[in-house]
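Visitor: Below are the structure tokens for one structure; questions will follow.
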Protein chains: 2
Amino acid sequence: MSMMTLRLDAFLPYRLSVASNAVSARISASYRKRFGLKVPEWRLIAILAEGSEMTPQALGNAARIDKISVSRAAAALTQRGLIVARDHPGDGRSHLLALTPEGRSLYGEIAPVALAMEAELLGSFSGAERALLDTLLRRIETAAGADFP
Amino acid sequence: MSMMTLRLDAFLPYRLSVASNAVSARISASYRKRFGLKVPEWRLIAILAEGSEMTPQALGNAARIDKISVSRAAAALTQRGLIVARDHPGDGRSHLLALTPEGRSLYGEIAPVALAMEAELLGSFSGAERALLDTLLRRIETAAGADFP
DNA sequence: AATAGATAGTTTCATTTGCAACTATATGGA
DNA sequence: TCCATATAGTTGCAAATGAAACTATCTATT
């Protein structure tokens, strides 16, 4: 009879999932309530705001969202006039997505709120702890072999 | 014109979600493929294996699963003969769930696999790093005010 | 230049999830 | 005791998600 000692409470995948869900629940509720955005929509906006126009594929890679969700999120954002698509000059199958002024303006409202929520979550963290957490999470991600489509 | 500097890549909720999804994807695929269990089902088994019989409510609290998912997971496990329910002696609305010998046996198979996967994920971590990660995740969870139903 | 196979993105369909309503029992006060 | 309200758990229905099929275009090979 083998002595098994797996405590769910101390099991990393569980801890990670619980922490992530707690954070997600709180933050996504806020995006949703205040700006009517779902998480993938918010991510697309954030990525587009960082740089210039991109293909759906590039967006998906940058935001870690599968192409189906990118497609749906982009459709919703286009519908609301927050992004626009233009034909891809070099590839007729694709297109380039960019924020509209309205999209940029919305971003201007959300970003500070997002940063404030992050600050609140990390309120008790020192800069070093924050950096460490970031590093540890990236290492786990790599170890999990985040084989993204 | 305000200078906004939110890089999604460095945004904690995003990092946490990406890491958690990468881990979940890998591990839950394994539960599913090798044992036919979904995550909530695995969690219920893990909690029941740690202690004795419990009500669905207590189980949900311990595993951080809402009552609907507990109900469904318990139904599936009962169906497969991995757990059994008996009437709650003090409350006719509730019942007590416990692992069957089959359930305990299945747990005996899964737990080592789960621990091995965890070990693989944390392969490059020192004991101190591991403990630190655990602590940081718990602090974030608390800060997020994991107001569980 | 024609065709076969690959790729970008969308859509359809099945599954999963979550909310709200429901049943049954319990509790506390008139 | 009887009623009103609260709680445990389940179920039905609608929204969200994911896999596979589909359309259009591109690329490589002949």
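Starting from 1 in every chain, residues are counted up; chains themselves are A, B, ... following the order of the structure tokens, and ligands are numbered from 1 as listed.
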Applying 10 Å and only C-alpha atoms (C1' of nucleotides), which residues near DT23 of chain C remain after dropping the ones on its own chain fewer than 3 positions away? List them as a ChimeraX atom specification.
Guide: /D:9-11
Visitor: Could you save the residues just selected, with N, CA and C atoms (P, O5', C5', C4', C3', O3' and C1' of nucleotides), as a PDB file, in the first residue's frame?
Guide:
ATOM      1  P    DG D   9     -25.235  20.213  -0.486  1.00  0.00           P
ATOM      2  O5'  DG D   9     -26.005  19.955  -1.853  1.00  0.00           O
ATOM      3  C5'  DG D   9     -27.038  18.952  -1.841  1.00  0.00           C
ATOM      4  C4'  DG D   9     -27.853  19.042  -3.108  1.00  0.00           C
ATOM      5  C3'  DG D   9     -27.084  18.880  -4.425  1.00  0.00           C
ATOM      6  O3'  DG D   9     -27.498  17.651  -5.002  1.00  0.00           O
ATOM      7  C1'  DG D   9     -28.759  20.576  -4.557  1.00  0.00           C
ATOM      8  P    DT D  10     -26.991  17.197  -6.475  1.00  0.00           P
ATOM      9  O5'  DT D  10     -28.173  17.686  -7.442  1.00  0.00           O
ATOM     10  C5'  DT D  10     -29.501  17.279  -7.125  1.00  0.00           C
ATOM     11  C4'  DT D  10     -30.451  17.759  -8.209  1.00  0.00           C
ATOM     12  C3'  DT D  10     -30.042  17.439  -9.640  1.00  0.00           C
ATOM     13  O3'  DT D  10     -31.187  16.870 -10.258  1.00  0.00           O
ATOM     14  C1'  DT D  10     -30.548  19.746  -9.436  1.00  0.00           C
ATOM     15  P    DT D  11     -31.103  16.270 -11.739  1.00  0.00           P
ATOM     16  O5'  DT D  11     -31.783  17.431 -12.606  1.00  0.00           O
ATOM     17  C5'  DT D  11     -33.065  17.925 -12.215  1.00  0.00           C
ATOM     18  C4'  DT D  11     -33.477  19.061 -13.152  1.00  0.00           C
ATOM     19  C3'  DT D  11     -33.139  18.850 -14.634  1.00  0.00           C
ATOM     20  O3'  DT D  11     -34.216  19.353 -15.386  1.00  0.00           O
ATOM     21  C1'  DT D  11     -32.249  20.875 -13.911  1.00  0.00           C
TER      22       DT D  11
END
Visitor: Find the nearest atom pair between each residue of chain B and chain D for residues within 9 Å, count only C-alpha atoms (C1' of nucleotides), give distances in Å to one decimal, sort rows by chain and ascending number, and present the table as a Markdown table.
Guide:
| residue | atom | partner | partner_atom | distance |
| --- | --- | --- | --- | --- |
| B:Pro56 | CA | D:DG9 | C1' | 8.2 |
| B:Gln57 | CA | D:DA8 | C1' | 7.9 |
| B:Lys67 | CA | D:DG9 | C1' | 7.8 |
| B:Ile68 | CA | D:DT10 | C1' | 8.1 |
| B:Ser71 | CA | D:DG9 | C1' | 7.3 |
| B:Arg72 | CA | D:DT10 | C1' | 9.0 |
| B:Asp91 | CA | D:DA8 | C1' | 8.9 |
| B:Gly92 | CA | D:DA8 | C1' | 8.9 |
| B:Arg93 | CA | D:DA8 | C1' | 5.3 |
| B:Ser94 | CA | D:DA8 | C1' | 5.7 |
Visitor: For chain A, which residues have at least one atom within 6 Å of chain B, if we go by only C-alpha atoms? Write them as a list of chain:residue names, please.
Guide: A:Leu16, A:Ser17, A:Ala19, A:Ser20, A:Ala22, A:Val23, A:Leu121, A:Leu137, A:Glu141, A:Ala143, A:Ala144, A:Ala146
Visitor: Taking N, CA and C atoms for each residue, export the selection above as a PDB file, in the first residue's frame.
Guide:
ATOM      1  N   LEU A  16      -2.289  27.785  -9.332  1.00  0.00           N
ATOM      2  CA  LEU A  16      -2.176  28.691 -10.462  1.00  0.00           C
ATOM      3  C   LEU A  16      -3.563  28.973 -11.030  1.00  0.00           C
ATOM      4  N   SER A  17      -4.328  27.922 -11.192  1.00  0.00           N
ATOM      5  CA  SER A  17      -5.664  28.062 -11.737  1.00  0.00           C
ATOM      6  C   SER A  17      -6.547  28.901 -10.819  1.00  0.00           C
ATOM      7  N   ALA A  19      -5.631  31.139  -8.584  1.00  0.00           N
ATOM      8  CA  ALA A  19      -5.184  32.540  -8.594  1.00  0.00           C
ATOM      9  C   ALA A  19      -5.609  33.212  -9.893  1.00  0.00           C
ATOM     10  N   SER A  20      -5.380  32.544 -10.986  1.00  0.00           N
ATOM     11  CA  SER A  20      -5.731  33.116 -12.281  1.00  0.00           C
ATOM     12  C   SER A  20      -7.229  33.369 -12.393  1.00  0.00           C
ATOM     13  N   ALA A  22      -9.352  33.847  -9.948  1.00  0.00           N
ATOM     14  CA  ALA A  22      -9.745  34.933  -9.055  1.00  0.00           C
ATOM     15  C   ALA A  22      -9.454  36.282  -9.702  1.00  0.00           C
ATOM     16  N   VAL A  23      -8.271  36.399 -10.270  1.00  0.00           N
ATOM     17  CA  VAL A  23      -7.881  37.653 -10.920  1.00  0.00           C
ATOM     18  C   VAL A  23      -8.756  37.925 -12.146  1.00  0.00           C
ATOM     19  N   LEU A 121      -3.936  44.737  -7.191  1.00  0.00           N
ATOM     20  CA  LEU A 121      -3.618  43.326  -6.948  1.00  0.00           C
ATOM     21  C   LEU A 121      -2.219  43.151  -6.397  1.00  0.00           C
ATOM     22  N   LEU A 137       6.498  32.946 -13.632  1.00  0.00           N
ATOM     23  CA  LEU A 137       5.377  32.593 -14.505  1.00  0.00           C
ATOM     24  C   LEU A 137       5.857  32.283 -15.916  1.00  0.00           C
ATOM     25  N   GLU A 141       5.499  28.736 -17.909  1.00  0.00           N
ATOM     26  CA  GLU A 141       4.885  28.739 -19.229  1.00  0.00           C
ATOM     27  C   GLU A 141       5.775  28.005 -20.230  1.00  0.00           C
ATOM     28  N   ALA A 143       8.081  25.813 -19.503  1.00  0.00           N
ATOM     29  CA  ALA A 143       8.143  24.393 -19.143  1.00  0.00           C
ATOM     30  C   ALA A 143       6.890  23.654 -19.608  1.00  0.00           C
ATOM     31  N   ALA A 144       5.763  24.364 -19.572  1.00  0.00           N
ATOM     32  CA  ALA A 144       4.513  23.727 -19.998  1.00  0.00           C
ATOM     33  C   ALA A 144       4.480  23.582 -21.509  1.00  0.00           C
ATOM     34  N   ALA A 146       4.160  25.808 -23.952  1.00  0.00           N
ATOM     35  CA  ALA A 146       3.001  26.525 -24.489  1.00  0.00           C
ATOM     36  C   ALA A 146       2.968  26.435 -26.010  1.00  0.00           C
TER      37      ALA A 146
END
Visitor: Using only C-alpha atoms (C1' of nucleotides) for the distances, tell me which of C:DA30, C:DA21, C:DA8, C:DC13 is nearest to chain A.
Guide: C:DA8
Visitor: Nearest to Glu53 of chain B: which of B:Asp87, B:Glu109, B:Asp66, B:Glu102 is it, counting only C-alpha atoms?
Guide: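 With only C-alpha atoms as the atom set, the closest residue is B:Asp87.
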Visitor: Between atom CA of Val70 of chain A and atom CA of Lys33 of chain B, what is the distance in Å, rounded to a tenth?
Guide: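 Separation of atom CA of Val70 of chain A and atom CA of Lys33 of chain B: 27.7 Å.
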Visitor: Please run DSSP on the backbone and report, as a count of residues only, all residues within segment 51-149 of chain B that come out as strand (DSSP E or B).
Guide: 11
Visitor: Would you list which chain C residues are within 10 Å of chain A using only C-alpha atoms (C1' of nucleotides), as a PDB file with N, CA and C atoms (P, O5', C5', C4', C3', O3' and C1' of nucleotides), in the first residue's frame?
Guide:
ATOM      1  P    DT C   7       1.563  25.273 -44.424  1.00  0.00           P
ATOM      2  O5'  DT C   7       0.634  26.557 -44.446  1.00  0.00           O
ATOM      3  C5'  DT C   7       0.997  27.647 -45.277  1.00  0.00           C
ATOM      4  C4'  DT C   7      -0.128  28.660 -45.267  1.00  0.00           C
ATOM      5  C3'  DT C   7      -0.692  28.947 -43.864  1.00  0.00           C
ATOM      6  O3'  DT C   7      -0.589  30.349 -43.666  1.00  0.00           O
ATOM      7  C1'  DT C   7      -2.419  28.595 -45.425  1.00  0.00           C
ATOM      8  P    DA C   8      -1.125  31.081 -42.409  1.00  0.00           P
ATOM      9  O5'  DA C   8      -2.424  31.796 -42.987  1.00  0.00           O
ATOM     10  C5'  DA C   8      -2.271  32.923 -43.840  1.00  0.00           C
ATOM     11  C4'  DA C   8      -3.551  33.739 -43.869  1.00  0.00           C
ATOM     12  C3'  DA C   8      -4.102  34.062 -42.481  1.00  0.00           C
ATOM     13  O3'  DA C   8      -4.613  35.395 -42.494  1.00  0.00           O
ATOM     14  C1'  DA C   8      -5.653  32.701 -43.686  1.00  0.00           C
ATOM     15  P    DG C   9      -5.096  36.044 -41.149  1.00  0.00           P
ATOM     16  O5'  DG C   9      -6.636  35.683 -41.184  1.00  0.00           O
ATOM     17  C5'  DG C   9      -7.412  36.194 -42.276  1.00  0.00           C
ATOM     18  C4'  DG C   9      -8.753  35.492 -42.331  1.00  0.00           C
ATOM     19  C3'  DG C   9      -9.601  35.609 -41.063  1.00  0.00           C
ATOM     20  O3'  DG C   9     -10.720  36.426 -41.402  1.00  0.00           O
ATOM     21  C1'  DG C   9      -9.711  33.433 -42.030  1.00  0.00           C
ATOM     22  P    DT C  10     -11.920  36.661 -40.368  1.00  0.00           P
ATOM     23  O5'  DT C  10     -12.972  35.533 -40.792  1.00  0.00           O
ATOM     24  C5'  DT C  10     -13.432  35.517 -42.137  1.00  0.00           C
ATOM     25  C4'  DT C  10     -14.495  34.445 -42.313  1.00  0.00           C
ATOM     26  C3'  DT C  10     -15.665  34.535 -41.330  1.00  0.00           C
ATOM     27  O3'  DT C  10     -16.830  34.483 -42.139  1.00  0.00           O
ATOM     28  C1'  DT C  10     -14.770  32.329 -41.351  1.00  0.00           C
ATOM     29  P    DT C  11     -18.271  34.708 -41.504  1.00  0.00           P
ATOM     30  O5'  DT C  11     -18.838  33.222 -41.355  1.00  0.00           O
ATOM     31  C5'  DT C  11     -18.867  32.404 -42.506  1.00  0.00           C
ATOM     32  C4'  DT C  11     -19.270  30.982 -42.121  1.00  0.00           C
ATOM     33  C3'  DT C  11     -20.452  30.900 -41.142  1.00  0.00           C
ATOM     34  O3'  DT C  11     -21.343  29.946 -41.678  1.00  0.00           O
ATOM     35  C1'  DT C  11     -18.673  29.560 -40.373  1.00  0.00           C
TER      36       DT C  11
END
Visitor: How far is it from atom CA of Arg80 of chain B to atom CA of Ala58 of chain B, in Å with one decimal?
Guide: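 A separation of 21.5 Å between them.
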Visitor: Tell me which of A:Ile110, A:Leu48, A:Ala85, A:Arg104 sits closest to Gly36 of chain A, counting only C-alpha atoms.
Guide: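 Selected residue with least distance to Gly36 of chain A: A:Ile110.
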Visitor: Please return as a VMD selection string: the residues of chain A that backbone DSSP assigns to alpha helix (DSSP H).
Guide: chain A and resid 12 to 35 39 to 50 56 to 63 67 to 79 101 to 121 127 to 143
Visitor: In Å to one decimal, how far is atom CA of Leu97 of chain B from atom C1' of DG28 of chain C?
Guide: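 Atom-to-atom, atom C1' of DG28 of chain C and atom CA of Leu97 of chain B are spaced 29.1 Å apart.
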